[in-house]
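Undergrad: Please see the structure below; I have some questions.
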Amino acid sequence: MGRNYDENRGSAKRRSKNVNRFKSGREEKRLLTIILMRQGVIMILDKFSLEGKVAIVTGGGTGLGKAICHALARAGADVVVAGRTPATIEETASEVRKIGQRSVAIPTDVTDSNQVDNLIKQTLKKFGNVDILVNNAGIARGIEPSPRDPTPIQLGPIWELSNDKWHNAIDTNLTGAFYCCRAVAKHMIERRSGKVINMSSVGGLRARGGWFTYCSAKAGVIMLTKTLAVTWAKDNIQVNCIAPGFFQIVDPSLVGAKTDFIPMGRFGNPKEIGLLAVYLTSEASNYVTGECFVIDGIGSAAYAPTGYAPMVPLPK
Amino acid sequence: MILEEFKLEGDVAIIAGSGQSWLKYLSLALAQAGATVVVAVPEQEQIENGIGAIQHVGGMVTDLTSAREIQDMVDQTVSQFGRIDILVNNFNLEFGKPFLEVTEEEWRRVIDANLTSLFLCSRAVGKHMMRQKAGKIINIVSEAAERGLPKATAYCASMGGVLQLTRALALEWARENIRVNAVGVGWMENSFAGSSGDSVARYIPMRRRGQPEDIAPLVVFLASDACPYLSGNIYFVDGGLMARL
């Protein structure tokens with residue numbers, strides 16, 4: 001605790017001295033209090049700043065990835081937006097530039113390790129280093145519609161699940177994160193500094209009927225996170241994962257989703273994921289690693305359907 | 001750049017707890033983030049010991065096993081500041097003894113200090129939060145809420161109880177705009193003081209014990225309005241301990 005705390009205590013002492021000095025002038029004292037309060041606010045909240053950091057966000061063109069790009073940029077990071085569709089990632093990059101941070105869009109398919117290696121190489125060439133990696137690219141194809149593919153593919157029995165569909169989901173959701181982590185590993189270890197967020201899902205913790213590939217891949221992401229966290233703990237690289245529940249990304253009517261079953265009674269707002277990502281990539285979370293941050297409106301904490309709350313008196 | 005969403009400006013917080021080493025740092029952190037903080041501890045000296053000197057932090061001596069005194073503390077806070085936005089339950093009475101030697105009195109004392117006090121404080125503050133239709137409760141627990149520790153059965157049981165209270169209460173108040181979360185604290189510099197040595201630090205993947213400044217930002221984050229979709233969960237700040245085999 002030492003250093004920071006003592007500094008603060010020192011400044012508290014200075015504060016009270018200064019306040020005494022201005023005891024006569026009420027106006028000055030008020031002004032001084034405001035200034036000192038501002039200074040006070042800066043100390044702990046400073047830890048949430050990403051100023052001077054360089055972040056790579058995969059799947060940054062749409063949905064949660066886009067929200068993460070915005071939040072990281074607002075917190076002061078320069079953002080490399082990676083994704084398969086040039087038009088959408090370029091759009092996110094220009095939005096980041098509007099926020100006032102540097103940003104480039106680098107078309108990348110995370111299932112191709114050559115493209116991933118190129119993404120890291122390009123980023124290093126352009127920005128010099130990589131502080132933050134957010135492995136957000138993922139697909140839920142065959143389960144729910146995405147902005148790109150609004151028709152959900154019918155879920156079928158497992159014998160109708162083709163090799164291709166299985167590999168495609170595992171490759172994008174799990175292997176892609178592995179490629180990206182592998183590609184930045186040496187760079188982060190050499191600098192003894194780095195923050196990685198992998199996007200899992202509550203589907204990686206709890207099963208849903210028929211979601212074979214998605215749930216398996218997302219569970220894999222959680223364990224990849226923990227293994228990397230334990231491996232890199234001594235290198236001062238923190239690896240955490242976020243497990244979102246249902247978020248308002250596409251028009252809910254497309255998914256036919258209702259919100260009644262969620263204890264909080266609403267979908268998550270992508271902005272909330274963005275701010276969680278800021279916490280997990282900032283200095284504020286330096287002792288947090290290998291953790292899975294479930295953000296699902298409490299759905300996964302329950303063991304009865306939402307709304308079921310029995311009233312049972314104690315026996316006499 | 002500091003995002004507005006993380007600030008606690010205008011918020012009123014109560015930290016109820018038995019004077020852990022991080023109490024001082026925690027109250028300082030919440031105050032720095034902009035909150036007005038009331039620290040409720042059982043001993044006057046815990047307030048004098050630095051907390052009283054921090055701006056925007058006030059102390060109140062409260063017997064935290066007495067529902068009446070807790071209610072009194074809550075009433076005074078409300079009458080003075082008008083509202084309570086944040087409750088940090090910071091109960092951590094450590095106790096290690098072989099199971100067969102634990103007396104009924106010791107068992108009750110640990111459960112009372114770690115679990116019953118938390119129930120009383122959450123109930124008293126919760127009543128007020130229900131009226132406001134807003135609030136955040138943050139329960140600071142130990143890793144023992146989810147993992148076992150030999151010769152600490154009473155301690156582990158009390159911590160596990162807090163975790164389950166967190167989940168159940170969060171679900172109960174899911175639509176009342178009151179969020180209940182737990183922060184799981186790993187091995188801190190002075191946890192179970194003197195009984196472990198370096199073997200514990202070597203067991204932690206990050207190879208060091210935690211410091212008060214490690215947990216404070218997460219408490220500020222959960223107390224802020226940054227992430228209202230987070231509730232009913234426990235988040236560990238432990239240097240990777242929960243992830244390791």
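Residue numbering restarts at 1 for every chain of the structure tokens, chains are lettered A, B, ... in their displayed order, and ligands are numbered from 1 as they appear.
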I need the residues of segment 73-240 of chain B that end up classed as helix (DSSP H, G or I) by DSSP on the backbone, written out as a PyMOL selection string.
TA: chain B and resi 73-81+99-101+104-132+143-145+153-172+198-203+212-223
Undergrad: From a DSSP calculation on the backbone, collect every residue of segment 135-227 of chain B in strand (DSSP E or B) and output the set as a PyMOL selection string.
TA: chain B and resi 135-142+178-185+188+210
Undergrad: Which residues of chain B sit at most 8 Å from chain A, using only C-alpha atoms? Give each one's shortest atom pair and distance in Å (one decimal place), in chain and ascending residue order, as a tab-separated table.
TA:
residue	atom	partner	partner_atom	distance
B:Met1	CA	A:Ala75	CA	4.9
B:Ile2	CA	A:Ser49	CA	5.5
B:Leu3	CA	A:Ala75	CA	6.2
B:Phe6	CA	A:Leu45	CA	7.2
B:Lys7	CA	A:Leu45	CA	7.4
B:Tyr25	CA	A:Tyr5	CA	6.8
B:Ala29	CA	A:Ile44	CA	5.9
B:Ala31	CA	A:Gly40	CA	7.9
B:Gln32	CA	A:Val41	CA	4.5
B:Ala33	CA	A:Val41	CA	4.9
B:Gly34	CA	A:Val41	CA	6.1
B:Ala53	CA	A:Ala12	CA	7.6
B:Ile54	CA	A:Ala12	CA	6.6
B:Gln55	CA	A:Ala12	CA	7.4
B:Arg167	CA	A:Ala301	CA	6.0
B:Ala168	CA	A:Ala302	CA	7.7
B:Ala170	CA	A:Ile298	CA	7.4
B:Leu171	CA	A:Pro263	CA	6.4
B:Ala174	CA	A:Met264	CA	4.8
B:Arg175	CA	A:Met264	CA	5.2
B:Pro205	CA	A:Ala233	CA	5.4
B:Met206	CA	A:Ala233	CA	4.7
B:Arg207	CA	A:Lys234	CA	6.9
B:Gly210	CA	A:Tyr287	CA	7.3
B:Gln211	CA	A:Met1	CA	5.2
B:Pro212	CA	A:Met1	CA	5.7
B:Glu213	CA	A:Met1	CA	5.8
B:Asp214	CA	A:Tyr287	CA	5.9
B:Pro217	CA	A:Ala284	CA	5.4
B:Leu218	CA	A:Ala284	CA	7.2
B:Phe221	CA	A:Tyr279	CA	7.5
B:Ala226	CA	A:Leu275	CA	6.2
B:Cys227	CA	A:Glu272	CA	4.9
B:Pro228	CA	A:Glu272	CA	7.3
B:Tyr229	CA	A:Gly297	CA	5.0
B:Leu230	CA	A:Ile295	CA	5.1
B:Ser231	CA	A:Ile298	CA	5.6
B:Gly232	CA	A:Ile298	CA	5.4
B:Asn233	CA	A:Ala301	CA	7.2
B:Tyr235	CA	A:Phe293	CA	6.8
B:Phe236	CA	A:Glu291	CA	6.8
B:Val237	CA	A:Val288	CA	4.8
B:Asp238	CA	A:Val288	CA	6.1
B:Gly239	CA	A:Tyr287	CA	4.8
B:Gly240	CA	A:Thr289	CA	4.8
B:Met242	CA	A:Gly290	CA	7.4
B:Ala243	CA	A:Gly290	CA	5.3
B:Arg244	CA	A:Val230	CA	6.2
Undergrad: Excluding same-chain residues fewer than 2 positions from segment 201-208 of chain A, what lies within 6 Å of it counting only C-alpha atoms, as a short mmCIF file (atom, residue, chain, number, x, y, z; two decimals) with C-alpha atoms, in the first residue's frame?
TA:
data_model
loop_
_atom_site.label_atom_id
_atom_site.label_comp_id
_atom_site.auth_asym_id
_atom_site.auth_seq_id
_atom_site.Cartn_x
_atom_site.Cartn_y
_atom_site.Cartn_z
CA TRP A 211 -25.57 -24.81 -28.93
CA CYS A 215 -20.76 -23.25 -25.85
CA LYS A 218 -16.65 -20.18 -25.35
CA ALA A 219 -15.84 -22.55 -22.48
CA ALA A 243 -18.71 -13.42 -20.24
CA PRO A 244 -21.64 -11.37 -21.49
CA GLY A 245 -25.24 -12.51 -21.31
#
Undergrad: One number please: atom CA of Gly135 of chain B to atom CA of Ser122 of chain B, in Å, one decimal.
TA: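 About the pair atom CA of Gly135 of chain B and atom CA of Ser122 of chain B: they are 11.0 Å apart.
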Undergrad: Can you pull out the residues contacting Gly83 of chain A? Cut-off 7 Å, using only C-alpha atoms, and skip same-chain residues under 2 positions away; I want them as a ChimeraX atom specification.
TA: /A:58-61,81,85,89,107-109
Undergrad: Could the residues in this selection be saved with C-alpha atoms as a CSV table (one decimal), in the first residue's frame?
TA:
chain,number,residue,atom,x,y,z
A,58,THR,CA,-10.7,-7.8,-33.1
A,59,GLY,CA,-14.2,-7.9,-34.4
A,60,GLY,CA,-14.3,-4.2,-33.9
A,61,GLY,CA,-16.6,-3.4,-36.7
A,81,VAL,CA,-9.7,-2.0,-35.3
A,85,THR,CA,-15.3,-6.5,-43.3
A,89,ILE,CA,-14.0,-1.5,-39.3
A,107,PRO,CA,-8.7,-6.0,-42.3
A,108,THR,CA,-8.1,-9.3,-40.6
A,109,ASP,CA,-9.6,-12.8,-40.5
Undergrad: Report as a compact mmCIF listing (two decimals) with N, CA and C atoms, in the first residue's frame all protein, DNA and RNA residues lying within 12 Å of Gln115 of chain A, evaluated on only C-alpha atoms, omitting residues in the same chain fewer than 2 positions from it.
TA:
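Result file is out_30.txt:
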# COMPACT_ATOMS: atom_id res chain seq x y z
N THR A 58 -10.21 -7.01 -31.94
CA THR A 58 -10.66 -7.81 -33.09
C THR A 58 -12.19 -7.85 -33.11
N ALA A 82 -9.65 -4.31 -35.91
CA ALA A 82 -9.46 -5.43 -36.82
C ALA A 82 -10.79 -6.13 -37.05
N GLY A 83 -10.93 -6.69 -38.24
CA GLY A 83 -12.17 -7.39 -38.55
C GLY A 83 -12.15 -7.82 -40.01
N ARG A 84 -13.16 -8.59 -40.39
CA ARG A 84 -13.15 -9.13 -41.76
C ARG A 84 -13.69 -8.14 -42.78
N ILE A 106 -7.48 -2.43 -39.80
CA ILE A 106 -6.66 -3.42 -40.51
C ILE A 106 -7.51 -4.67 -40.76
N PRO A 107 -7.92 -4.87 -42.01
CA PRO A 107 -8.75 -6.04 -42.33
C PRO A 107 -8.03 -7.33 -41.93
N THR A 108 -8.68 -8.13 -41.10
CA THR A 108 -8.06 -9.35 -40.58
C THR A 108 -9.12 -10.42 -40.39
N ASP A 109 -8.81 -11.61 -40.85
CA ASP A 109 -9.63 -12.77 -40.51
C ASP A 109 -8.86 -13.54 -39.45
N VAL A 110 -9.37 -13.58 -38.22
CA VAL A 110 -8.59 -14.17 -37.12
C VAL A 110 -8.41 -15.68 -37.25
N THR A 111 -9.13 -16.31 -38.20
CA THR A 111 -8.93 -17.74 -38.36
C THR A 111 -7.71 -18.06 -39.23
N ASP A 112 -7.08 -17.00 -39.73
CA ASP A 112 -5.88 -17.19 -40.56
C ASP A 112 -4.68 -16.60 -39.81
N SER A 113 -3.78 -17.48 -39.37
CA SER A 113 -2.70 -17.00 -38.50
C SER A 113 -1.75 -16.04 -39.22
N ASP A 117 -0.69 -12.50 -37.66
CA ASP A 117 0.70 -12.06 -37.51
C ASP A 117 0.91 -10.71 -38.20
N ASN A 118 0.29 -10.57 -39.36
CA ASN A 118 0.39 -9.31 -40.09
C ASN A 118 -0.26 -8.15 -39.33
N LEU A 119 -1.38 -8.45 -38.66
CA LEU A 119 -2.07 -7.43 -37.86
C LEU A 119 -1.14 -6.87 -36.79
N ILE A 120 -0.45 -7.78 -36.09
CA ILE A 120 0.45 -7.34 -35.03
C ILE A 120 1.63 -6.56 -35.63
N LYS A 121 2.15 -7.07 -36.77
CA LYS A 121 3.29 -6.42 -37.40
C LYS A 121 2.94 -5.00 -37.83
N GLN A 122 1.78 -4.88 -38.46
CA GLN A 122 1.31 -3.56 -38.92
C GLN A 122 1.13 -2.60 -37.74
N GLY A 176 -8.97 -18.30 -32.99
CA GLY A 176 -8.63 -16.91 -33.31
C GLY A 176 -8.00 -16.21 -32.12
N TYR A 179 -4.44 -17.52 -31.74
CA TYR A 179 -3.52 -16.92 -32.72
C TYR A 179 -3.11 -15.51 -32.28
N CYS A 180 -4.09 -14.73 -31.83
CA CYS A 180 -3.80 -13.33 -31.48
C CYS A 180 -2.89 -13.27 -30.25
N ALA A 183 0.57 -14.25 -31.13
CA ALA A 183 1.26 -13.25 -31.93
C ALA A 183 1.78 -12.07 -31.11
Undergrad: Would you mind listing what lies within 7 Å of Ala35 of chain B as number ranges by chain, with only C-alpha atoms counted and same-chain residues fewer than 3 positions away left out?
TA: B: 8-13, 30-31
Undergrad: Which residues are close to Asp112 of chain B, i.e. within 10 Å by only C-alpha atoms, leaving aside same-chain residues fewer than 4 positions away? Reply as a list in words.
TA: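 Within the cut-off, the hits are Leu64, Thr65, Phe91, Leu93, Glu106, Trp107, Arg108, Thr116, Ser117, Leu118, Phe119, Leu120 and Ser158 of chain B.
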Undergrad: Go ahead and compute the interatomic distance for atom CA of Gln76 of chain B and atom CA of Leu23 of chain B, in Å to one decimal.
TA: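 About the pair atom CA of Gln76 of chain B and atom CA of Leu23 of chain B: they are 20.8 Å apart.
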